[in-house]
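S.K.: The structure that follows is given in the form of structure tokens.
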Amino acid sequence: MGSLWGRTPRRAAPTSLNRLLTLAASRAPDSVTETIKKYGCPGTIYRGSASREGIVRSRTGLVALITVVLVAVVACGPGPAGRSDSSAAPPTADHHAMRLAAAATFPKQVRAQFEQLLGLHALLAVRQMRSVTAAAPAFGQAAGLSLQANTDALSRLVASAYGGGQADRFTQLWQRHLGDLLAYAKGVAGTDTSAKQQARAALLADATAYGSWLAEASKGRVQASDAAAGVRMHVQELMEQADAYAARDYTQAYRIEREAYEHMFTAGAGLAKASVTPEVAVGLDTPPEQLRSAFAMLLGEHLELIIDAQRATFAGAPELQAAGAQVNANTTALAKAMGAIVGPTKAAEFQTAWAGHVEGLLAYTAAVAGNDQAAKTVAKQNLDGFAERLGLYFSDIVKNLLAADPLTDAITAHDAHLINHVDAYAAKDYTRAQQLELEGYQQMLGVANTLVGAIQRTVKPQLPVGGSKTGGGGMACRRR
């Protein structure tokens with residue numbers, strides 16, 4: 001692609017995907033033949049496959065939103081550089097020092113942090129439940145500590161939005177919710193139908209209690225039935241993924257995991273809007289805020305799905321295949337979102353570069369799993385090249401409002417989180433692996449905010465007036 005793409009990374013051979021599947025299959029020998037047959041082409045999972053179709057359909061609203069926000073203005077070329085409408089956008093792309101649920105004093109910050117924390121809650125709960133069904137107590141302990149830290153951060157954020165008294169009630173409800181999820185996972189692991197039924201009933205009761213809490217905390221701006229329905233969907237998804245995972249239906253388990261993350265992430269907007277008056281809530285639902293939210297969700301999801309694929313490498317080929325399919329779906333969704341902003345040609349360039357970035361991360365994972373120091377070195381070199389390509393690409397699409405070097409540094413920092421994560425996970429240092437996951441998730445959200453801020457300054461300020469019509473809120477499904 002000329003000088004825009006920087007230096008060309010060297011290819012590791014064999015391809016990272018085939019190597020990963022072979023290594024994973026060595027932990028589950030009976031599955032190797034079918035896996036290699038299905039995914040034998042270089043980079044197939046990560047460049048597009050039929051397995052992504054169901055997930056991508058669920059993203060139609062997200063891509064349509066980005067189109068609504070920008071399609072009328074992108075064709076007009078650059079406008080005057082104005083101030084970003086999103087207060088969440090940081091001044092630089094290297095934002096990995098960000099801490100979730102820091103003192104959130106502005107409504108837009110509250111929305112962003114509710115989204116981030118609720119999305120992360122879903123993922124951490126999924127992983128803790130799976131650690132029970134898979135009899136992995138050491139990892140389960142680390143995941144449980146991360147889940148508790150997430151709950152503590154949520155409680156602080158609820159206190160800042162709704163007050164200390166409401167935060168105390170929320171914390172009691174949420175802790176009971178966590179305990180009942182764990183009880184359900186134990187019932188699944190022990191094939192104890194009675195225990196599962198009891199836990200299910202408790203989880204549904206938790207949803208009703210949450211609805212009552214939010215109706216009161218929001219001063220009636222959200223109806224109890226709407227809030228309870230959102231939590232019922234959440235717990236139903238977590239129970240279904242636990243059942244699927246225990247039954248080794250990994251395709252279903254990882255698909256539901258991704259949907260659960262999306263639903264909880266988008267629930268953050270509803271929870272934030274319910275904490276303020278309708279007049280203030282309108283400002284939380286503007287197209288720029290929706291755009292920031294969409295990219296934050298997709299880029300945070302990218303990080304988490306790569307982590308899933310890295311960990312699945314050590315679990316066997318069938319699980320890796322299912323995790324990889326969701327990485328593929330995320331890449332496709334990101335490319336569609338970029339296409340709504342920059343057009344199909346530049347979006348295709350992005351998808352090629354991003355797929356190379358993903359392949360480089362998985363090449364490093366394969367090298368770790370195979371204890372191949374030389375391959376690890378090659379993979380790191382390739383990742384540096386892909387980071388340079390992506391930095392130049394992003395700088396180009398925002399017409400150099402962001403310099404390429406800081407963007408390259410941000411992507412390199414993202415790579416470092418994932419490289420260090422898989423090293424820690426392979427060494428069974430699960431506490432450090434969880435810490436690196438959280439830091440990497442936060443950093444990608446900062447990158448999303450920076451890119452969206454630059455995109456808004458690149459196009460003419462002709463964004464539509466009014467809130468999104470895509471629905472949303474999840475746990476606060478409709479406003480009254």
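Scheme for the structure tokens: letters A, B, ... for chains in order shown; per-chain residue numbers from 1; ligand numbers from 1 in order shown.
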Can you tell me which residues surround Leu298 of chain A at a distance of at most 9 Å, considering only C-alpha atoms, apart from same-chain residues fewer than 2 positions away, and format the answer as a CSV table (one decimal) with N, CA and C atoms, in the first residue's frame?

M.R.:
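The result, written out as out-v7.csv:
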chain,number,residue,atom,x,y,z
A,262,GLU,N,-22.1,-7.3,25.2
A,262,GLU,CA,-22.7,-6.2,24.4
A,262,GLU,C,-23.9,-5.7,25.2
A,293,SER,N,-19.3,5.5,22.3
A,293,SER,CA,-19.7,4.3,22.9
A,293,SER,C,-19.5,3.1,22.0
A,294,ALA,N,-19.9,3.2,20.8
A,294,ALA,CA,-19.8,2.1,19.8
A,294,ALA,C,-18.4,1.6,19.6
A,295,PHE,N,-17.5,2.6,19.4
A,295,PHE,CA,-16.1,2.2,19.2
A,295,PHE,C,-15.4,1.7,20.5
A,296,ALA,N,-15.8,2.3,21.7
A,296,ALA,CA,-15.3,1.8,22.9
A,296,ALA,C,-15.7,0.4,23.1
A,300,GLY,N,-12.8,-2.5,23.1
A,300,GLY,CA,-12.7,-3.2,24.4
A,300,GLY,C,-13.0,-4.7,24.2
A,301,GLU,N,-14.0,-5.0,23.4
A,301,GLU,CA,-14.3,-6.4,23.0
A,301,GLU,C,-13.2,-7.1,22.3
A,302,HIS,N,-12.5,-6.4,21.4
A,302,HIS,CA,-11.4,-6.9,20.7
A,302,HIS,C,-10.3,-7.5,21.7
A,303,LEU,N,-10.0,-6.6,22.6
A,303,LEU,CA,-9.0,-7.0,23.6
A,303,LEU,C,-9.4,-8.3,24.4
A,330,ASN,N,-15.8,-9.9,15.6
A,330,ASN,CA,-15.4,-8.6,16.0
A,330,ASN,C,-14.6,-7.8,15.0
A,331,THR,N,-13.7,-8.5,14.3
A,331,THR,CA,-12.9,-7.8,13.3
A,331,THR,C,-13.8,-7.4,12.1
A,333,ALA,N,-17.1,-6.7,12.4
A,333,ALA,CA,-17.9,-5.6,12.9
A,333,ALA,C,-17.1,-4.3,12.9
A,334,LEU,N,-15.8,-4.3,13.3
A,334,LEU,CA,-15.0,-3.1,13.3
A,334,LEU,C,-14.8,-2.6,11.9
A,448,ALA,N,-10.0,4.3,21.9
A,448,ALA,CA,-11.3,4.6,21.2
A,448,ALA,C,-11.7,6.0,21.4

S.K.: Taking the DSSP assignment computed from this structure's backbone, write out as a ChimeraX atom specification all residues of segment 256-287 of chain A that belong to alpha helix (DSSP H).

M.R.: /A:256-273,278-283,287

S.K.: Given only C-alpha atoms, how would the per-residue table for segment 405-447 of chain A near segment 112-129 of chain A read, listing every residue at most 12 Å away with its closest atom pair and distance in Å to one decimal, sorted by chain and number, as CSV?

M.R.:
residue,atom,partner,partner_atom,distance
A:Gln434,CA,A:Leu124,CA,9.6
A:Glu437,CA,A:Leu120,CA,10.2
A:Leu438,CA,A:Leu120,CA,8.7
A:Glu439,CA,A:Leu120,CA,11.9
A:Gly440,CA,A:Leu120,CA,11.9
A:Tyr441,CA,A:Leu120,CA,8.7
A:Gln442,CA,A:Gln116,CA,8.3
A:Gln443,CA,A:Gln116,CA,11.5
A:Met444,CA,A:Gln116,CA,10.9
A:Leu445,CA,A:Gln116,CA,8.2
A:Gly446,CA,A:Ala112,CA,10.7

S.K.: Go ahead and write the residues just picked, N, CA and C atoms, as a compact mmCIF listing (two decimals), in the first residue's frame.

M.R.:
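again.txt, freshly written:
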# COMPACT_ATOMS: atom_id res chain seq x y z
N GLN A 434 -4.87 -11.48 35.18
CA GLN A 434 -6.08 -10.69 35.37
C GLN A 434 -5.77 -9.19 35.43
N GLU A 437 -5.16 -8.01 31.96
CA GLU A 437 -6.43 -7.93 31.24
C GLU A 437 -7.12 -6.60 31.52
N LEU A 438 -7.23 -6.23 32.80
CA LEU A 438 -7.91 -4.99 33.17
C LEU A 438 -7.19 -3.78 32.61
N GLU A 439 -5.86 -3.75 32.73
CA GLU A 439 -5.10 -2.62 32.21
C GLU A 439 -5.25 -2.50 30.70
N GLY A 440 -5.23 -3.64 30.02
CA GLY A 440 -5.37 -3.62 28.57
C GLY A 440 -6.75 -3.16 28.13
N TYR A 441 -7.78 -3.58 28.85
CA TYR A 441 -9.15 -3.16 28.57
C TYR A 441 -9.28 -1.65 28.71
N GLN A 442 -8.77 -1.11 29.79
CA GLN A 442 -8.83 0.33 30.01
C GLN A 442 -8.09 1.08 28.92
N GLN A 443 -6.92 0.58 28.54
CA GLN A 443 -6.13 1.29 27.54
C GLN A 443 -6.83 1.34 26.19
N MET A 444 -7.51 0.25 25.81
CA MET A 444 -8.20 0.25 24.53
C MET A 444 -9.39 1.21 24.54
N LEU A 445 -10.03 1.37 25.68
CA LEU A 445 -11.11 2.35 25.77
C LEU A 445 -10.58 3.76 25.60
N GLY A 446 -9.39 4.03 26.12
CA GLY A 446 -8.78 5.33 25.91
C GLY A 446 -8.44 5.58 24.45

S.K.: Tell me which of A:Thr286, A:Gln109, A:Thr193, A:Gln236 sits closest to Ala207 of chain A, counting only C-alpha atoms.

M.R.: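 Using only C-alpha atoms, the shortest distance to Ala207 of chain A belongs to A:Gln236.
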
S.K.: If you measure from atom CA of Val222 of chain A to atom CA of Leu204 of chain A, what distance in Å do you get, rounded to one decimal?

M.R.: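 These atoms are spaced 18.8 Å apart.
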
S.K.: Measure the distance from atom CA of Gly360 of chain A to atom CA of Arg432 of chain A in Å and round it to one decimal.

M.R.: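 So the two atoms, atom CA of Gly360 of chain A and atom CA of Arg432 of chain A, lie 22.1 Å apart.
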